[in-house]
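Visitor: Once you've had a glance at the structure underneath, I'll fire off some questions.
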Amino acid sequence: VPEWSKGLGDTLPFLNPEARRRIGWALGHNLYTPQDKKTRDLVRNDRPYAAFLYAGLALQSETESQLDTLELDVGVVGPAALGKPIQNNYHRLIGADNAYGWNHQLKNEPGVALAWERKWRLLQEQPPDTLGWDVIPHLTGSLGNVSTYAGAGATFRFGDDLISDFGPPRIRPALPGSSSYRPRDSFGWYLFAGAEGRAVIRDIFLDGNTFADSHNVDKKPLVADLQAGFTLMFERVRISYTQVMRTKEFDGQNRPDFFGSISLSARF
């Protein structure tokens with residue numbers, strides 16, 4: 001880590017000054033649309049159109065049994081986040097229908113979210129060349145005009161070389177993972193399943209703009225995620241697949257959300 005981040009990490013709360021340090025940079029673009037994307041009219045009973053373009057800075061402290069992450073994401077919500085051209089140009093590229101309701105998206109607003117996570121690794125003693133299991137309970141929270149929430153949960157893993165990481169990375173809000181990993185063997189793998197519950201105070205993608213009138217829906221204050229998947233780890237590459245079921249996030253939502261993600265991490 002650079003020298004300036006060492007001093008910053010020593011002064012910030014929630015980070016262990018005696019642990020290994022890491023610094024992470026992120027560039028993210030999130031898109032949100034209602035289920036009916038063919039109408040140009042406002043879909044009042046579904047989530048607003050929204051895009052969030054942001055950059056992130058994360059500081060981590062890691063021991064064999066604990067990982068703390070403090071991350072600041074700063075960006076913009078609204079037309080300046082380029083959700084309409086990015087989504088529709090990509091849809092044309094793959095031959096999919098355009099989304100026609102972007103004129104009703106959230107208005108331009110700076111977006112800030114400060115997130116913190118703490119994970120504990122409760123690892124069964126695993127002799128070399130044998131399979132093992134662990135449990136990773138966690139606490140998490142976010143503060144800002146983009147999202148404000150508090151959550152807790154746990155992940156169970158079974159496989160080989162579990163000490164290499166704290167789980168695969170995911171886009172918040174989600175069960176926490178780890179962007180970095182340190183393989184002990186030339187090949188490792190594990191299966192995982194977990195759950196998280198969140199108390200949601202603020203979600204700009206459901207509550208609408210903070211400082212202007214915009215489309216919004218009545219969010220549910222309690223949301224839960226259930227997830228399962230697998231990870232394959234090589235000396236230089238880690239591949240993970242995650243399937244998530246998220247409970248309904250707002251009143252009028254027809255059913256829970258089901259979505260999957262694939263992550264590829266490379267060491268260099």
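Identifiers in this document derive from the order of the structure tokens: chains are assigned A, B, ..., residues are numbered from 1 separately in each chain, and ligands are numbered from 1 in order of occurrence.
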Which residues, written as a PyMOL selection string, have at least one atom at most 12 Å from A:Ala224, with only C-alpha atoms counted and residues fewer than 5 positions away on the same chain left out?
Guide: chain A and resi 150-154+173-175+194-200+244-249+256-257
Visitor: Could you please take those selected residues and save N, CA and C atoms as a PDB file, in the first residue's frame?
Guide:
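Wrote it out as result-v4.pdb, contents follow:
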```pdb
ATOM      1  N   ALA A 150     -28.000  -1.177   7.639  1.00  0.00           N
ATOM      2  CA  ALA A 150     -27.186  -1.999   8.522  1.00  0.00           C
ATOM      3  C   ALA A 150     -27.606  -3.442   8.319  1.00  0.00           C
ATOM      4  N   GLY A 151     -26.618  -4.345   8.330  1.00  0.00           N
ATOM      5  CA  GLY A 151     -26.941  -5.734   8.053  1.00  0.00           C
ATOM      6  C   GLY A 151     -26.033  -6.697   8.794  1.00  0.00           C
ATOM      7  N   ALA A 152     -26.466  -7.944   8.831  1.00  0.00           N
ATOM      8  CA  ALA A 152     -25.684  -9.016   9.449  1.00  0.00           C
ATOM      9  C   ALA A 152     -26.045 -10.322   8.768  1.00  0.00           C
ATOM     10  N   GLY A 153     -25.098 -11.265   8.783  1.00  0.00           N
ATOM     11  CA  GLY A 153     -25.358 -12.551   8.164  1.00  0.00           C
ATOM     12  C   GLY A 153     -24.179 -13.483   8.327  1.00  0.00           C
ATOM     13  N   ALA A 154     -24.174 -14.549   7.561  1.00  0.00           N
ATOM     14  CA  ALA A 154     -23.101 -15.536   7.653  1.00  0.00           C
ATOM     15  C   ALA A 154     -23.053 -16.341   6.367  1.00  0.00           C
ATOM     16  N   PRO A 173     -25.532  -3.646  -2.417  1.00  0.00           N
ATOM     17  CA  PRO A 173     -25.561  -4.415  -1.170  1.00  0.00           C
ATOM     18  C   PRO A 173     -25.607  -5.901  -1.461  1.00  0.00           C
ATOM     19  N   ALA A 174     -24.822  -6.683  -0.734  1.00  0.00           N
ATOM     20  CA  ALA A 174     -24.739  -8.120  -0.949  1.00  0.00           C
ATOM     21  C   ALA A 174     -23.973  -8.729   0.204  1.00  0.00           C
ATOM     22  N   LEU A 175     -23.978 -10.053   0.287  1.00  0.00           N
ATOM     23  CA  LEU A 175     -23.117 -10.701   1.249  1.00  0.00           C
ATOM     24  C   LEU A 175     -21.675 -10.383   0.895  1.00  0.00           C
ATOM     25  N   GLY A 194     -25.052 -18.827   1.905  1.00  0.00           N
ATOM     26  CA  GLY A 194     -25.131 -17.853   2.981  1.00  0.00           C
ATOM     27  C   GLY A 194     -26.418 -17.065   2.963  1.00  0.00           C
ATOM     28  N   ALA A 195     -26.584 -16.239   3.976  1.00  0.00           N
ATOM     29  CA  ALA A 195     -27.771 -15.401   4.107  1.00  0.00           C
ATOM     30  C   ALA A 195     -27.389 -14.103   4.802  1.00  0.00           C
ATOM     31  N   GLU A 196     -28.103 -13.032   4.451  1.00  0.00           N
ATOM     32  CA  GLU A 196     -27.906 -11.737   5.105  1.00  0.00           C
ATOM     33  C   GLU A 196     -29.240 -11.036   5.233  1.00  0.00           C
ATOM     34  N   GLY A 197     -29.455 -10.375   6.366  1.00  0.00           N
ATOM     35  CA  GLY A 197     -30.608  -9.521   6.560  1.00  0.00           C
ATOM     36  C   GLY A 197     -30.171  -8.077   6.703  1.00  0.00           C
ATOM     37  N   ARG A 198     -30.917  -7.138   6.104  1.00  0.00           N
ATOM     38  CA  ARG A 198     -30.566  -5.723   6.151  1.00  0.00           C
ATOM     39  C   ARG A 198     -31.769  -4.888   6.588  1.00  0.00           C
ATOM     40  N   ALA A 199     -31.503  -3.924   7.446  1.00  0.00           N
ATOM     41  CA  ALA A 199     -32.469  -2.891   7.789  1.00  0.00           C
ATOM     42  C   ALA A 199     -32.130  -1.668   6.949  1.00  0.00           C
ATOM     43  N   VAL A 200     -33.031  -1.285   6.045  1.00  0.00           N
ATOM     44  CA  VAL A 200     -32.752  -0.258   5.048  1.00  0.00           C
ATOM     45  C   VAL A 200     -33.416   1.052   5.460  1.00  0.00           C
ATOM     46  N   VAL A 244     -28.236 -15.624  -6.465  1.00  0.00           N
ATOM     47  CA  VAL A 244     -28.805 -14.866  -5.343  1.00  0.00           C
ATOM     48  C   VAL A 244     -30.320 -14.815  -5.469  1.00  0.00           C
ATOM     49  N   MET A 245     -30.998 -14.971  -4.347  1.00  0.00           N
ATOM     50  CA  MET A 245     -32.419 -14.683  -4.234  1.00  0.00           C
ATOM     51  C   MET A 245     -32.571 -13.550  -3.229  1.00  0.00           C
ATOM     52  N   ARG A 246     -33.147 -12.430  -3.655  1.00  0.00           N
ATOM     53  CA  ARG A 246     -33.356 -11.266  -2.789  1.00  0.00           C
ATOM     54  C   ARG A 246     -34.845 -11.077  -2.572  1.00  0.00           C
ATOM     55  N   THR A 247     -35.251 -10.927  -1.332  1.00  0.00           N
ATOM     56  CA  THR A 247     -36.659 -10.740  -1.027  1.00  0.00           C
ATOM     57  C   THR A 247     -37.165  -9.422  -1.621  1.00  0.00           C
ATOM     58  N   LYS A 248     -38.470  -9.254  -1.644  1.00  0.00           N
ATOM     59  CA  LYS A 248     -39.062  -8.055  -2.235  1.00  0.00           C
ATOM     60  C   LYS A 248     -38.524  -6.803  -1.547  1.00  0.00           C
ATOM     61  N   GLU A 249     -38.182  -5.791  -2.364  1.00  0.00           N
ATOM     62  CA  GLU A 249     -37.573  -4.566  -1.850  1.00  0.00           C
ATOM     63  C   GLU A 249     -38.552  -3.410  -1.733  1.00  0.00           C
ATOM     64  N   PRO A 256     -39.825 -11.962  -5.568  1.00  0.00           N
ATOM     65  CA  PRO A 256     -38.427 -11.705  -5.211  1.00  0.00           C
ATOM     66  C   PRO A 256     -37.545 -11.663  -6.454  1.00  0.00           C
ATOM     67  N   ASP A 257     -36.379 -11.080  -6.319  1.00  0.00           N
ATOM     68  CA  ASP A 257     -35.418 -11.024  -7.415  1.00  0.00           C
ATOM     69  C   ASP A 257     -34.516 -12.249  -7.388  1.00  0.00           C
TER      70      ASP A 257
END
```
Visitor: Taking 6 positions as the minimum chain separation for residues in the same chain, which residues sit within 12 Å of A:Lys219 when counting only C-alpha atoms? Answer as a list in words.
Guide: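 Everything that qualifies: Asn45, Asp46, Arg47, Pro48, Ala199, Val200, Ile201, Arg202, Asp203, Ile204, Phe205, Leu206, Asp207, Gly208, Thr247, Lys248, Glu249, Phe250, Asp251, Gly252 and Gln253 of chain A.
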Visitor: Taking 6 positions as the minimum chain separation for residues in the same chain, which residues sit within 8 Å of stretch 68-81 of chain A when counting only C-alpha atoms? Answer as a PyMOL selection string.
Guide: chain A and resi 14-16+29+50-62+105-119
Visitor: Enumerate the residues of stretch 57-253 of chain A with a DSSP assignment of strand (DSSP E), computed from the backbone, and present them as a PyMOL selection string.
Guide: chain A and resi 57-62+66-77+109-120+122-123+132-143+147-160+187-203+222-234+237-246
Visitor: For A:Lys38, please output as a list in words all residues within 10 Å (counting only C-alpha atoms; exclusion window: fewer than 6 positions along the same chain).
Guide: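 The contact residues come out as Asp97, Asn98, Ala99, Tyr100 and Gly101 of chain A.
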Visitor: I need the chosen residues saved as a CSV table (one decimal), in the first residue's frame, with N, CA, C and O atoms.
Guide:
```csv
chain,number,residue,atom,x,y,z
A,97,ASP,N,-34.2,-5.7,-27.2
A,97,ASP,CA,-35.1,-4.5,-27.3
A,97,ASP,C,-34.5,-3.4,-26.4
A,97,ASP,O,-33.9,-3.6,-25.4
A,98,ASN,N,-34.8,-2.2,-26.9
A,98,ASN,CA,-34.4,-1.0,-26.1
A,98,ASN,C,-35.3,-0.8,-24.9
A,98,ASN,O,-36.4,-1.4,-24.8
A,99,ALA,N,-34.8,-0.1,-23.9
A,99,ALA,CA,-35.6,0.3,-22.8
A,99,ALA,C,-36.1,1.8,-23.1
A,99,ALA,O,-35.3,2.7,-23.2
A,100,TYR,N,-37.4,2.0,-23.1
A,100,TYR,CA,-38.0,3.2,-23.6
A,100,TYR,C,-38.4,4.2,-22.6
A,100,TYR,O,-38.8,5.3,-22.9
A,101,GLY,N,-38.2,3.9,-21.3
A,101,GLY,CA,-38.7,4.8,-20.2
A,101,GLY,C,-37.7,5.6,-19.6
A,101,GLY,O,-37.9,6.2,-18.5
```
Visitor: Residues of stretch 37-159 of chain A in alpha helix (DSSP H) according to DSSP, as a list in words?
Guide: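 Written out, the alpha helix (DSSP H) residues of stretch 37-159 of chain A are Gly83, Lys84, Pro85, Ile86, Gln87, Asn88, Asn89, Tyr90, His91, Arg92, Leu93 and Ile94 of chain A.
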Visitor: Just to be explicit: take each residue in the selection above, keep N, CA and C atoms, and write the result as a PDB file, in the first residue's frame.
Guide:
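Output contents, as saved in selection_38.pdb:
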```
ATOM      1  N   GLY A  83     -26.836   6.119 -18.163  1.00  0.00           N
ATOM      2  CA  GLY A  83     -27.520   4.834 -18.165  1.00  0.00           C
ATOM      3  C   GLY A  83     -28.245   4.545 -19.471  1.00  0.00           C
ATOM      4  N   LYS A  84     -28.961   5.552 -20.010  1.00  0.00           N
ATOM      5  CA  LYS A  84     -29.737   5.331 -21.231  1.00  0.00           C
ATOM      6  C   LYS A  84     -28.859   4.952 -22.415  1.00  0.00           C
ATOM      7  N   PRO A  85     -27.825   5.727 -22.767  1.00  0.00           N
ATOM      8  CA  PRO A  85     -27.036   5.334 -23.942  1.00  0.00           C
ATOM      9  C   PRO A  85     -26.275   4.031 -23.752  1.00  0.00           C
ATOM     10  N   ILE A  86     -25.771   3.792 -22.534  1.00  0.00           N
ATOM     11  CA  ILE A  86     -25.004   2.560 -22.321  1.00  0.00           C
ATOM     12  C   ILE A  86     -25.912   1.343 -22.440  1.00  0.00           C
ATOM     13  N   GLN A  87     -27.085   1.371 -21.800  1.00  0.00           N
ATOM     14  CA  GLN A  87     -27.964   0.208 -21.872  1.00  0.00           C
ATOM     15  C   GLN A  87     -28.491  -0.022 -23.278  1.00  0.00           C
ATOM     16  N   ASN A  88     -28.999   1.023 -23.918  1.00  0.00           N
ATOM     17  CA  ASN A  88     -29.627   0.822 -25.221  1.00  0.00           C
ATOM     18  C   ASN A  88     -28.609   0.512 -26.312  1.00  0.00           C
ATOM     19  N   ASN A  89     -27.440   1.101 -26.257  1.00  0.00           N
ATOM     20  CA  ASN A  89     -26.422   0.747 -27.251  1.00  0.00           C
ATOM     21  C   ASN A  89     -25.975  -0.701 -27.076  1.00  0.00           C
ATOM     22  N   TYR A  90     -25.876  -1.148 -25.831  1.00  0.00           N
ATOM     23  CA  TYR A  90     -25.521  -2.550 -25.608  1.00  0.00           C
ATOM     24  C   TYR A  90     -26.642  -3.475 -26.076  1.00  0.00           C
ATOM     25  N   HIS A  91     -27.882  -3.086 -25.837  1.00  0.00           N
ATOM     26  CA  HIS A  91     -29.006  -3.906 -26.295  1.00  0.00           C
ATOM     27  C   HIS A  91     -29.017  -4.011 -27.815  1.00  0.00           C
ATOM     28  N   ARG A  92     -28.697  -2.927 -28.507  1.00  0.00           N
ATOM     29  CA  ARG A  92     -28.630  -3.000 -29.975  1.00  0.00           C
ATOM     30  C   ARG A  92     -27.508  -3.940 -30.404  1.00  0.00           C
ATOM     31  N   LEU A  93     -26.403  -3.918 -29.672  1.00  0.00           N
ATOM     32  CA  LEU A  93     -25.263  -4.767 -30.016  1.00  0.00           C
ATOM     33  C   LEU A  93     -25.616  -6.244 -29.916  1.00  0.00           C
ATOM     34  N   ILE A  94     -26.410  -6.628 -28.920  1.00  0.00           N
ATOM     35  CA  ILE A  94     -26.742  -8.038 -28.727  1.00  0.00           C
ATOM     36  C   ILE A  94     -28.103  -8.395 -29.326  1.00  0.00           C
TER      37      ILE A  94
END
```
Visitor: Considering only C-alpha atoms, state which residue in the set A:Ala96, A:Pro137, A:Trp102, A:Pro17 is at the smallest distance from A:Leu82.
Guide: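 Counting only C-alpha atoms, the residue closest to A:Leu82 is A:Trp102.
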Visitor: Stretch 233-236 of chain A: which residues within 12 Å, counting only C-alpha atoms, same-chain residues fewer than 5 positions away excluded, as a VMD selection string?
Guide: chain A and resid 159 to 165 167 to 168 180 to 191 263 to 268
Visitor: From the list A:Asp218, A:Pro2, A:Tyr49, A:Ile239, which residue is nearest A:Tyr32 when using only C-alpha atoms?
Guide: A:Tyr49
Visitor: What separation in Å, quoted to one decimal, exists between atom CA of A:Thr130 and atom CA of A:Thr242?
Guide: 24.2 Å
Visitor: List the neighbours of A:Glu64 out to 10 Å using only C-alpha atoms; skip same-chain residues closer than 5 positions along the sequence, and give me the result as number ranges by chain.
Guide: A: 19-20, 120-123, 163-166
Visitor: For A:Ala228, which residue among A:Ser214, A:Asn254, A:Thr155, A:Gln124 is the nearest when counting only C-alpha atoms?
Guide: A:Thr155
Visitor: One decimal, Å: what's the distance from atom CA of A:Phe158 over to atom CA of A:Ala193, could you say?
Guide: 9.2 Å
